[in-house]
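Engineer: Right, I'll just put the structure down here and ask away after.
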Amino acid sequence: MEITIGAVVQGGTSLGYKTGTWRDERPILDMEQCKACGVCVSVCPDSAVHVKGETYIIDYDYCKGCGLCGYECPADAISMVKEEK
Amino acid sequence: MSTQNLSNDQELFVSGHRACHGCGMSLAVRHILKATGKDVIVVTPTGCLETFTSPYGYSPWRVPWIHHLFENGPAIATGVVAALKAQKRESERVVAIGGDGSTFDIGFGSLSGMLERGDDVLYICVDNGAYMNTGGQRSSASPIYSSTTTDPAGKRSLGKLQKKKDLPTIIAAHGVPYVATASVAYLKDLQKKVKKAMGYHGARYIQIDSTCPSVWGFPSDQTLEVARRGVQSGMVPLFEMEDGEVTKVRKIKKKIPVEEYLKTQKRFKHIFSDADGREEIQTIQALADSNIERYGLLKKTAPQDAEVQD
Amino acid sequence: MNNTSVMEGSEAVAVAVKACRPHVISAYPISPQTHIVESLARMVAGGELDSQYVRVESEFSAASVISGASAAGSRSYTASSSQGLLLMTEVFYASAGMRLPFVITGVNRQISAPISIQVDHQDTMSLRDSGVIQFYVESSQEAYDTHMAAFKIAEDPGILLPVMVCMDGWILTHSYERITLLEQDEVDGFLPPFQPVNSLDVNDPKSWGSYAEEDMLMEFKYAVHQAMQSGKKRMKEIFTELAQITGRDHGGLIEAYRTEDAEFILVAMGSVTGTVKEAVDELRSEGKALGLIKLRCYRPFPHEDILNAIKGARAVGVMEANFSMGSEGAVSMDLKAKLCGQKDAPLVVSFIAGLGGREININTVRNIVEELEGVAGSDVPQLEPRWVGLNTDILPKGVE
Ligand SMILES: Cc1ncc(C[n+]2csc(CCOP(=O)(O)OP(=O)(O)O)c2C)c(N)n1
Ligand code: SF4
Ligand code: SF4
Ligand code: SF4
Ligand SMILES: [Mg+2]
């Protein structure tokens with residue numbers, strides 16, 4: 001990588017850094033139980049929960065497995081399971 | 001980009017930053033930017049936020065962002081504002097987001113100057129009550145009896161003996177139009193306050209209680225739980241001040257004893273370890289009660305004019 | 001063009017800065033710099049100067065404000081002295097590393113303690129490692145001209161560094177001199193508006209102030225050094241271009257004064273070079289082969305030009321209004337380092353002269369030359385600096 005003058009970088013480039021490898025526990029979202037309230041999207045510090053149409057999807061490329069979405073989900077639709085490494 | 005092709009399109013603060021698991025501050029920042037929209041330039045002094053968003057080549061900021069030093073966030077922000085004015089770039093605004101160490105302590109002179117001049121900056125302190133970037137040393141924002149690495153609890157120490165500096169009041173005394181406190185526990189409220197602050201011109205201040213699982217010592221899934229308890233116990237009063245007067249408070253729904261907050265975190269563990277701890281807990285309870293009294297956080301104690309908000 | 005006017009040195013700087021049309025000026029008082037920012041304040045208040053003028057609460061903020069403004073694409077300026085410059089030190093390092101161009105006048109003054117407001121070069125020279133380019137001037141006219149060049153150099157896309165124009169406090173800032181001014185259109189022709197390479201802009205969000213690990217930190221630092229080194233050529237071109245407009249050539253990075261064929265050469269910087277030139281003329285008329293190198297640029301250190309000018313000399317005496325405690329004068333250190341290992345290198349002797357405003361007159365210079373001649377003949381290496389005019393009578397017991 002060629003360095004820039006003054007170490008100025010383009011914004012939004014952290015998408016190139018996959019924090020998913022940090023995960024010890026994996027949140028599993030069960031759409032059967034999901035009430036589509038959007039809380040998980042809102043509370044994820046890593047912007048790793050997305051809505052596609054009606055479906056809520058966790059982006060495991062970036063999810064660090066903090067468990068916050070699961071803890072806050074009012075429908076208990078997200079469970080944390082040990083990450084297989 | 002995401003191998004699952006999931007979109008970060010809606011985000012101005014995108015995935016791939018290196019905050020700890022469940023970091024309250026990173027969550028706060030995501031929501032701050034949702035509220036400001038894209039037409040802001042963000043200034044961040046040295047601290048966790050800078051460190052976890054600045055590794056060379058990997059920036060999560062989709063707004064222009066600058067980090068310069070630890071103690072000059074407000075002055076850098078002033079410089080940017082002056083440049084925007086000189087260039088007549090009226091649609092761009094400046095937001096500074098700094099930790100409590102830079103805000104309450106080392107950058108306080110710079111902040112006071114910025115406030116006194118009334119520079120058009122929204123200054124947001126993401127307050128995690130210690131110098132986290134360097135491992136959790138005491139700041140003047142650390143709560144009383146918290147154990148920090150430079151004021152650790154021990155046989156002859158109860159941790160920090162002084163209460164948290166009342167910065168919002170000091171800031172309001174500068175005569176700025178808007179001062180507010182917020183918490184990561186209430187993200188809509190947080191966004192509302194940021195939006196409201198953006199409606200004012202001049203220097204404005206918001207202090208956000210930003211829970212830190214790594215150094216406070218609690219499991220990363222409880223970031224919002226701990227923050228909520230802070231608010232519900234009265235330890236973290238949420239209010240707004242306009243032109244020096246408290247105009248709105250966020251009511252406590254169901255008051256909880258401070259123990260319910262303190263016991264969630266390792267930094268207060270020592271005050272539960274023996275019977276003497278009762279006294280410290282009582283002191284903290286008295287502080288929470290005085291917050292409740294002062295800001296009218298319970299429904300029946302609301303000051304006459306303050307608009308009630310649940 | 002013949003617009004001349006008698007004015008205070010500080011005023012000359014303010015007039016030059018005004019002509020450069022800075023967007024942002026920050027101001028904090030400290031003697032002997034204060035008259036500059038006061039002049040600028042009057043210009044803004046009077047409507048003659050359309051700049052954002054920020055009255056900061058410290059020099060730390062003064063330097064920070066112009067750094068932020070520079071990052072947002074504005075030409076920016078401040079001035080300071082002594083304690084104020086030291087308070088700015090951390091900002092200078094960061095802004096140089098982030099390649100934020102701006103111009104600052106460093107009005108030279110001694111550093112506490114003991115506190116003193118008298119002139120010497122300790123303050124600005126203590127900043128030598130920061131990445132800030134430094135010029136030193138002999139006269140207020142040179143200060144006026146150099147500020148024009150300073151903005152152009154700072155903002156050059158191949159350089160992009162803060163530039164400090166250093167001028168002696170009181171001697172220049174508070175004395176009156178006839179200054180020949182440029183017409184505004186001449187200045188505008190020489191110095192077009194700042195075209196930043198990067199800037200904080202919502203339409204192209206970039207991030208500044210990255211964290212760099214050990215795999216690239218060194219490369220970033222090297223790039224700053226190279227901007228200075230390769231910038232030397234550009235600086236000289238800019239000075240030449242300016243000289244063509246003003247008709248005044250102050251030299252490039254150095255001014256070599258009567259150094260051809262000189263057996264002994266003095267090196268000096270700042271206003272004292274006027275006195276030294278007179279002494280050189282006098283001593284030349286008495287048959288001594290003496291010359292002067294006026295160091296106009298201290299960082300980057302123009303060693304190529306100096307080595308070229310001292311070729312063939314027997315000894316070089318460096319007159320230093322600075323001192324690196326526990327070692328010697330800073331310029332001698334640079335010069336000796338560059339000469340080390342060179343064939344037929346002249347002897348270099350460090351003369352500490354003029355600390356804290358101690359007077360340097362023609363006789364002082366004569367004495368220095370005499371001492372230089374004396375040691376030039378001996379084979380004893382000159383490891384210790386010579387403190388010129390040190391009054392040993394008043395030293396406390398035990399201090400030798
Ligand atoms: C002048 C200076 N002193 C000390 C430091 C070291 N330092 C960097 S960040 C930091 C603590 C930051 O604390 P705070 O502002 O509360 O932010 P946090 O990391 O807690 O979010 C310290 C002490 C520094 N970078 N610069
Ligand atoms: S928080 Fe739970 S219920 Fe709400 S959208 Fe997410 S998974 Fe569904
Ligand atoms: S576990 Fe944490 S990081 Fe992963 S999706 Fe849930 S909230 Fe986001
Ligand atoms: S130490 Fe605390 S504030 Fe800092 S990144 Fe980790 S969780 Fe966030
Ligand atoms: Mg902190």
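Chain identifiers are assigned as A, B, and so on, following the order in which chains appear in the structure tokens; residues are numbered from 1 within each chain, and ligands are numbered from 1 in order of appearance.
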Please find the residues contacting ligand 1 at a distance of at most 7 Å between atoms, with only C-alpha atoms and all ligand atoms counted, and report them as a tab-separated table (two decimals) with N, CA, C and O atoms, in the first residue's frame.
Structural biologist:
```tsv
chain	number	residue	atom	x	y	z
B	46	THR	N	-7.63	13.15	20.75
B	46	THR	CA	-7.08	11.83	21.05
B	46	THR	C	-7.89	11.14	22.15
B	46	THR	O	-8.34	11.78	23.09
B	47	GLY	N	-8.05	9.84	22.02
B	47	GLY	CA	-8.81	9.07	23.00
B	47	GLY	C	-9.27	7.80	22.33
B	47	GLY	O	-8.92	7.53	21.17
B	48	CYS	N	-10.09	7.02	23.03
B	48	CYS	CA	-10.59	5.76	22.44
B	48	CYS	C	-11.19	5.97	21.06
B	48	CYS	O	-10.87	5.27	20.12
B	49	LEU	N	-12.08	6.97	20.96
B	49	LEU	CA	-12.80	7.15	19.70
B	49	LEU	C	-11.81	7.37	18.55
B	49	LEU	O	-11.96	6.80	17.47
B	69	LEU	N	-4.78	16.64	18.21
B	69	LEU	CA	-4.11	16.30	19.47
B	69	LEU	C	-5.15	16.02	20.55
B	69	LEU	O	-6.36	16.08	20.30
B	70	PHE	N	-4.67	15.76	21.75
B	70	PHE	CA	-5.53	15.39	22.88
B	70	PHE	C	-6.26	16.60	23.47
B	70	PHE	O	-7.43	16.52	23.83
B	71	GLU	N	-5.54	17.72	23.56
B	71	GLU	CA	-6.07	18.85	24.33
B	71	GLU	C	-6.57	20.01	23.47
B	71	GLU	O	-6.83	21.08	23.99
B	98	GLY	N	-15.44	14.39	21.84
B	98	GLY	CA	-14.24	14.07	22.61
B	98	GLY	C	-14.57	13.32	23.89
B	98	GLY	O	-15.69	13.38	24.39
B	99	GLY	N	-13.60	12.63	24.42
B	99	GLY	CA	-13.75	11.90	25.68
B	99	GLY	C	-13.78	12.83	26.89
B	99	GLY	O	-13.53	14.03	26.77
B	100	ASP	N	-14.07	12.26	28.04
B	100	ASP	CA	-14.15	13.09	29.25
B	100	ASP	C	-12.77	13.61	29.66
B	100	ASP	O	-12.65	14.71	30.19
B	101	GLY	N	-11.74	12.83	29.42
B	101	GLY	CA	-10.40	13.30	29.79
B	101	GLY	C	-10.04	14.55	29.02
B	101	GLY	O	-9.58	15.54	29.59
B	102	SER	N	-10.28	14.54	27.73
B	102	SER	CA	-9.95	15.72	26.95
B	102	SER	C	-10.91	16.86	27.24
B	102	SER	O	-10.52	18.02	27.24
B	103	THR	N	-12.15	16.54	27.53
B	103	THR	CA	-13.16	17.58	27.72
B	103	THR	C	-13.11	18.20	29.12
B	103	THR	O	-13.06	19.41	29.27
B	126	VAL	N	-18.26	12.31	24.85
B	126	VAL	CA	-18.66	10.92	25.05
B	126	VAL	C	-17.94	10.47	26.32
B	126	VAL	O	-16.77	10.12	26.31
B	127	ASP	N	-18.70	10.54	27.39
B	127	ASP	CA	-18.15	10.45	28.74
B	127	ASP	C	-18.20	9.01	29.25
B	127	ASP	O	-19.27	8.47	29.47
B	128	ASN	N	-17.02	8.43	29.40
B	128	ASN	CA	-16.96	7.09	29.99
B	128	ASN	C	-16.26	7.12	31.34
B	128	ASN	O	-15.82	6.10	31.87
B	129	GLY	N	-16.12	8.32	31.88
B	129	GLY	CA	-15.70	8.46	33.27
B	129	GLY	C	-14.28	8.05	33.60
B	129	GLY	O	-13.99	7.75	34.76
B	130	ALA	N	-13.40	8.04	32.65
B	130	ALA	CA	-11.97	7.81	32.94
B	130	ALA	C	-11.19	7.90	31.63
B	130	ALA	O	-11.78	8.04	30.55
B	131	TYR	N	-9.88	7.84	31.74
B	131	TYR	CA	-9.01	7.83	30.56
B	131	TYR	C	-8.90	6.40	30.04
B	131	TYR	O	-7.99	5.66	30.40
B	132	MET	N	-9.84	6.01	29.20
B	132	MET	CA	-9.88	4.60	28.79
B	132	MET	C	-8.79	4.23	27.79
B	132	MET	O	-8.26	3.13	27.81
B	133	ASN	N	-8.49	5.17	26.91
B	133	ASN	CA	-7.53	4.86	25.86
B	133	ASN	C	-6.18	4.46	26.43
B	133	ASN	O	-5.42	3.73	25.81
B	134	THR	N	-5.89	4.97	27.62
B	134	THR	CA	-4.61	4.64	28.25
B	134	THR	C	-4.80	3.63	29.38
B	134	THR	O	-3.92	3.46	30.21
B	139	SER	N	-10.16	10.50	35.85
B	139	SER	CA	-10.36	11.85	35.30
B	139	SER	C	-11.27	12.58	36.26
B	139	SER	O	-11.81	11.99	37.19
```
Engineer: Write out as an MDAnalysis selection string each polymer residue (protein, DNA or RNA) that has an atom no more than 9 Å from ligand 2, with only C-alpha atoms and all ligand atoms counted.
Structural biologist: chainID A and resid 29:31 33:43 49 51 55:57 69:78
Engineer: Excluding stretch 44-48 of chain A and its own-chain neighbours fewer than 6 positions away, which residues fall within 7 Å of it when counting only C-alpha atoms? Please give them as a PDB file with C-alpha atoms, in the first residue's frame.
Structural biologist:
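Output file out_17.pdb is given in full below:
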```pdb
ATOM      1  CA  ILE A  58     -26.565 -10.106  10.765  1.00  0.00           C
ATOM      2  CA  ASP A  59     -23.402  -9.316   8.867  1.00  0.00           C
ATOM      3  CA  TYR A  62     -18.246  -7.320  11.046  1.00  0.00           C
ATOM      4  CA  CYS A  63     -20.312  -8.624  13.979  1.00  0.00           C
ATOM      5  CA  LEU A  68     -26.004  -6.583  22.780  1.00  0.00           C
ATOM      6  CA  CYS A  69     -28.601  -7.252  20.084  1.00  0.00           C
TER       7      CYS A  69
ATOM      8  CA  VAL B  14     -19.624   2.265   9.150  1.00  0.00           C
ATOM      9  CA  SER B  15     -18.566  -1.215  10.234  1.00  0.00           C
ATOM     10  CA  GLY B  22     -20.204  -3.656  22.948  1.00  0.00           C
ATOM     11  CA  CYS B  23     -18.518  -0.266  23.276  1.00  0.00           C
ATOM     12  CA  SER B  26     -19.117   3.689  19.309  1.00  0.00           C
ATOM     13  CA  LEU B  27     -22.856   3.205  19.522  1.00  0.00           C
TER      14      LEU B  27
END
```
Engineer: Tell me the residues of chain A close to chain C, meaning within 7 Å using only C-alpha atoms, as an mmCIF file with N, CA, C and O atoms, in the first residue's frame.
Structural biologist:
```
data_model
loop_
_atom_site.group_PDB
_atom_site.id
_atom_site.type_symbol
_atom_site.label_atom_id
_atom_site.label_comp_id
_atom_site.auth_asym_id
_atom_site.auth_seq_id
_atom_site.Cartn_x
_atom_site.Cartn_y
_atom_site.Cartn_z
ATOM 1 N N GLY A 6 0.634 13.152 4.448
ATOM 2 C CA GLY A 6 -0.042 13.554 5.678
ATOM 3 C C GLY A 6 -0.959 12.501 6.262
ATOM 4 O O GLY A 6 -1.731 12.785 7.163
ATOM 5 N N ALA A 7 -0.869 11.274 5.739
ATOM 6 C CA ALA A 7 -1.677 10.155 6.260
ATOM 7 C C ALA A 7 -3.177 10.415 6.156
ATOM 8 O O ALA A 7 -3.966 9.930 6.966
ATOM 9 N N VAL A 8 -3.572 11.198 5.168
ATOM 10 C CA VAL A 8 -4.995 11.466 4.942
ATOM 11 C C VAL A 8 -5.592 10.262 4.211
ATOM 12 O O VAL A 8 -5.005 9.778 3.251
ATOM 13 N N VAL A 9 -6.723 9.760 4.687
ATOM 14 C CA VAL A 9 -7.321 8.587 4.040
ATOM 15 C C VAL A 9 -8.771 8.867 3.644
ATOM 16 O O VAL A 9 -9.420 9.755 4.198
ATOM 17 N N GLN A 10 -9.253 8.091 2.715
ATOM 18 C CA GLN A 10 -10.631 8.208 2.269
ATOM 19 C C GLN A 10 -11.566 7.722 3.377
ATOM 20 O O GLN A 10 -11.253 6.729 4.058
ATOM 21 N N GLY A 11 -12.682 8.384 3.556
ATOM 22 C CA GLY A 11 -13.655 7.959 4.560
ATOM 23 C C GLY A 11 -14.350 6.667 4.164
ATOM 24 O O GLY A 11 -14.435 6.335 2.983
#
```
Engineer: Kindly assemble as a tab-separated table a list of the stretch 33-135 of chain C residues that lie within 9 Å of stretch 297-302 of chain C, each paired with its nearest atom pair and their distance in Å to one decimal, using only C-alpha atoms, sorted first by chain and then by ascending residue number.
Structural biologist:
```
residue	atom	partner	partner_atom	distance
C:Met125	CA	C:Tyr298	CA	8.4
C:Arg128	CA	C:Arg299	CA	6.6
C:Asp129	CA	C:Arg299	CA	8.4
C:Gly131	CA	C:Arg299	CA	8.0
C:Val132	CA	C:Arg299	CA	7.2
C:Ile133	CA	C:Arg299	CA	5.1
C:Gln134	CA	C:Arg299	CA	5.1
C:Phe135	CA	C:Cys297	CA	4.4
```
Engineer: Include N, CA and C atoms and write out the residues we just selected as a PDB file, in the first residue's frame.
Structural biologist:
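Result file selection_34.pdb:
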```pdb
ATOM      1  N   MET C 125      14.614  28.179  17.714  1.00  0.00           N
ATOM      2  CA  MET C 125      15.534  27.091  17.381  1.00  0.00           C
ATOM      3  C   MET C 125      15.222  25.812  18.153  1.00  0.00           C
ATOM      4  N   ARG C 128      13.339  23.217  16.153  1.00  0.00           N
ATOM      5  CA  ARG C 128      13.972  22.826  14.888  1.00  0.00           C
ATOM      6  C   ARG C 128      13.590  21.427  14.408  1.00  0.00           C
ATOM      7  N   ASP C 129      13.248  20.511  15.305  1.00  0.00           N
ATOM      8  CA  ASP C 129      12.995  19.127  14.887  1.00  0.00           C
ATOM      9  C   ASP C 129      11.533  18.856  14.525  1.00  0.00           C
ATOM     10  N   GLY C 131       9.508  19.833  12.058  1.00  0.00           N
ATOM     11  CA  GLY C 131       8.992  19.738  10.685  1.00  0.00           C
ATOM     12  C   GLY C 131       8.516  21.085  10.169  1.00  0.00           C
ATOM     13  N   VAL C 132       8.693  22.122  10.974  1.00  0.00           N
ATOM     14  CA  VAL C 132       8.340  23.475  10.532  1.00  0.00           C
ATOM     15  C   VAL C 132       9.553  24.075   9.815  1.00  0.00           C
ATOM     16  N   ILE C 133       9.320  24.638   8.647  1.00  0.00           N
ATOM     17  CA  ILE C 133      10.384  25.324   7.898  1.00  0.00           C
ATOM     18  C   ILE C 133      10.662  26.646   8.600  1.00  0.00           C
ATOM     19  N   GLN C 134      11.937  27.002   8.717  1.00  0.00           N
ATOM     20  CA  GLN C 134      12.272  28.246   9.419  1.00  0.00           C
ATOM     21  C   GLN C 134      13.179  29.150   8.608  1.00  0.00           C
ATOM     22  N   PHE C 135      12.731  30.408   8.447  1.00  0.00           N
ATOM     23  CA  PHE C 135      13.571  31.446   7.841  1.00  0.00           C
ATOM     24  C   PHE C 135      13.898  32.492   8.897  1.00  0.00           C
TER      25      PHE C 135
END
```
Engineer: Assign secondary structure with DSSP using the backbone only, and return the residues of stretch 72-227 of chain C in alpha helix (DSSP H) as number ranges by chain.
Structural biologist: C: 82-87, 89-97, 122-125, 140-155, 184-190, 217-227
Engineer: For the strand (DSSP E) assignment from backbone DSSP, which residues of stretch 21-174 of chain B qualify? Please present them as a list of chain:residue names.
Structural biologist: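 DSSP-assigned strand (DSSP E) residues in stretch 21-174 of chain B: B:Val40, B:Ile41, B:Val42, B:Val43, B:Trp65, B:Ile66, B:Arg93, B:Val94, B:Val95, B:Ala96, B:Ile97, B:Gly98, B:Gly99, B:Val121, B:Leu122, B:Tyr123, B:Ile124, B:Cys125, B:Val126, B:Asp127, B:Ala153, B:Gly154, B:Ser157, B:Leu158.
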Engineer: Pull N, CA, C and O atoms from the residues just selected and write them as a CSV table (one decimal), in the first residue's frame.
Structural biologist:
```
chain,number,residue,atom,x,y,z
B,40,VAL,N,-21.7,17.5,8.0
B,40,VAL,CA,-20.9,18.0,9.2
B,40,VAL,C,-19.4,17.5,9.0
B,40,VAL,O,-19.1,16.5,8.4
B,41,ILE,N,-18.6,18.4,9.6
B,41,ILE,CA,-17.2,18.0,9.7
B,41,ILE,C,-16.9,17.7,11.2
B,41,ILE,O,-17.3,18.4,12.1
B,42,VAL,N,-16.4,16.5,11.4
B,42,VAL,CA,-16.2,16.1,12.8
B,42,VAL,C,-14.7,16.2,13.2
B,42,VAL,O,-13.8,15.8,12.5
B,43,VAL,N,-14.6,16.7,14.4
B,43,VAL,CA,-13.3,16.9,15.1
B,43,VAL,C,-13.2,16.0,16.3
B,43,VAL,O,-14.1,16.0,17.1
B,65,TRP,N,-13.4,14.1,8.7
B,65,TRP,CA,-13.1,13.9,10.1
B,65,TRP,C,-11.6,14.3,10.3
B,65,TRP,O,-10.7,14.0,9.5
B,66,ILE,N,-11.4,14.9,11.4
B,66,ILE,CA,-10.0,15.3,11.8
B,66,ILE,C,-9.7,15.0,13.2
B,66,ILE,O,-10.4,15.4,14.1
B,93,ARG,N,-21.5,22.2,8.8
B,93,ARG,CA,-21.4,22.6,10.3
B,93,ARG,C,-20.3,21.7,10.9
B,93,ARG,O,-19.9,20.8,10.3
B,94,VAL,N,-20.0,22.1,12.1
B,94,VAL,CA,-18.8,21.5,12.8
B,94,VAL,C,-19.3,20.8,14.1
B,94,VAL,O,-20.0,21.5,14.9
B,95,VAL,N,-18.9,19.6,14.3
B,95,VAL,CA,-19.2,18.8,15.5
B,95,VAL,C,-17.9,18.3,16.0
B,95,VAL,O,-17.1,17.7,15.3
B,96,ALA,N,-17.7,18.5,17.3
B,96,ALA,CA,-16.5,17.9,18.0
B,96,ALA,C,-17.0,16.8,18.9
B,96,ALA,O,-18.0,17.0,19.6
B,97,ILE,N,-16.3,15.7,18.9
B,97,ILE,CA,-16.7,14.6,19.8
B,97,ILE,C,-15.5,14.1,20.5
B,97,ILE,O,-14.5,13.6,19.9
B,98,GLY,N,-15.4,14.4,21.8
B,98,GLY,CA,-14.2,14.1,22.6
B,98,GLY,C,-14.6,13.3,23.9
B,98,GLY,O,-15.7,13.4,24.4
B,99,GLY,N,-13.6,12.6,24.4
B,99,GLY,CA,-13.7,11.9,25.7
B,99,GLY,C,-13.8,12.8,26.9
B,99,GLY,O,-13.5,14.0,26.8
B,121,VAL,N,-19.9,25.6,17.1
B,121,VAL,CA,-19.5,24.2,17.2
B,121,VAL,C,-20.5,23.5,18.2
B,121,VAL,O,-20.8,24.0,19.3
B,122,LEU,N,-20.9,22.3,17.8
B,122,LEU,CA,-21.6,21.4,18.7
B,122,LEU,C,-20.5,20.5,19.3
B,122,LEU,O,-19.9,19.7,18.6
B,123,TYR,N,-20.2,20.7,20.6
B,123,TYR,CA,-19.2,19.9,21.2
B,123,TYR,C,-19.9,18.8,22.0
B,123,TYR,O,-20.8,19.0,22.9
B,124,ILE,N,-19.6,17.5,21.7
B,124,ILE,CA,-20.2,16.4,22.4
B,124,ILE,C,-19.1,15.7,23.2
B,124,ILE,O,-18.1,15.3,22.6
B,125,CYS,N,-19.4,15.5,24.4
B,125,CYS,CA,-18.4,14.7,25.2
B,125,CYS,C,-19.0,13.3,25.4
B,125,CYS,O,-20.1,13.1,25.9
B,126,VAL,N,-18.3,12.3,24.8
B,126,VAL,CA,-18.7,10.9,25.0
B,126,VAL,C,-17.9,10.5,26.3
B,126,VAL,O,-16.8,10.1,26.3
B,127,ASP,N,-18.7,10.5,27.4
B,127,ASP,CA,-18.2,10.5,28.7
B,127,ASP,C,-18.2,9.0,29.2
B,127,ASP,O,-19.3,8.5,29.5
B,153,ALA,N,-8.7,1.1,44.2
B,153,ALA,CA,-9.1,0.7,45.5
B,153,ALA,C,-8.1,-0.2,46.1
B,153,ALA,O,-7.4,-0.9,45.4
B,154,GLY,N,-7.9,-0.2,47.4
B,154,GLY,CA,-6.9,-1.1,48.1
B,154,GLY,C,-7.2,-1.0,49.5
B,154,GLY,O,-8.1,-0.4,50.0
B,157,SER,N,-7.4,2.4,50.4
B,157,SER,CA,-8.0,3.3,49.4
B,157,SER,C,-9.4,2.9,49.0
B,157,SER,O,-9.7,1.7,48.8
B,158,LEU,N,-10.3,3.8,48.8
B,158,LEU,CA,-11.7,3.6,48.4
B,158,LEU,C,-11.8,4.0,46.9
B,158,LEU,O,-12.9,4.1,46.4
```
Engineer: Could you please tell me, as a PyMOL selection string, which residues of chain B have an atom within 10 Å of chain C when using only C-alpha atoms?
Structural biologist: chain B and resi 38-46+50-69+71-87+89+91-93+107+109-114+116-117+119
Engineer: Could the residues of chain B that have an atom at most 12 Å from ligand 3 be listed as a tab-separated table, each with its closest atom pair and the distance in Å to one decimal, counting only C-alpha atoms and all ligand atoms and ordered by chain and ascending residue number?
Structural biologist:
```
residue	atom	partner	partner_atom_place_in_ligand_line	distance
B:Ser15	CA	ligand 3	3 (S)	9.4
B:Gly16	CA	ligand 3	3 (S)	10.5
B:His17	CA	ligand 3	3 (S)	11.1
B:Arg18	CA	ligand 3	3 (S)	11.3
B:Ala19	CA	ligand 3	3 (S)	10.5
B:Cys20	CA	ligand 3	3 (S)	9.9
B:His21	CA	ligand 3	2 (Fe)	6.9
B:Gly22	CA	ligand 3	2 (Fe)	6.2
B:Cys23	CA	ligand 3	2 (Fe)	9.4
B:Gly24	CA	ligand 3	7 (S)	10.9
B:Ser26	CA	ligand 3	3 (S)	11.1
B:Leu27	CA	ligand 3	7 (S)	9.6
B:Pro219	CA	ligand 3	2 (Fe)	11.7
B:Ser220	CA	ligand 3	2 (Fe)	8.3
B:Asp221	CA	ligand 3	2 (Fe)	7.4
B:Gln222	CA	ligand 3	7 (S)	10.6
B:Thr223	CA	ligand 3	7 (S)	10.1
B:Leu224	CA	ligand 3	7 (S)	10.9
```
Engineer: What is the atom CA of B:Lys193 to atom CA of B:Ala288 distance in Å?
Structural biologist: 22.7 Å
Engineer: Find the residues around stretch 6-16 of chain C up to 9 Å (only C-alpha atoms counted), leave out those fewer than 4 positions away in its own chain, and share them as number ranges by chain.
Structural biologist: C: 20, 33-40, 43, 105, 139-141, 143-148, 170-182
Engineer: May I have the residues within 8 Å of stretch 342-358 of chain C as a ChimeraX atom specification, using only C-alpha atoms and disregarding those fewer than 6 positions away in the same chain?
Structural biologist: /C:109-110,116-121,310-323,328-329,332,335-336,368,372,376,382,384-389
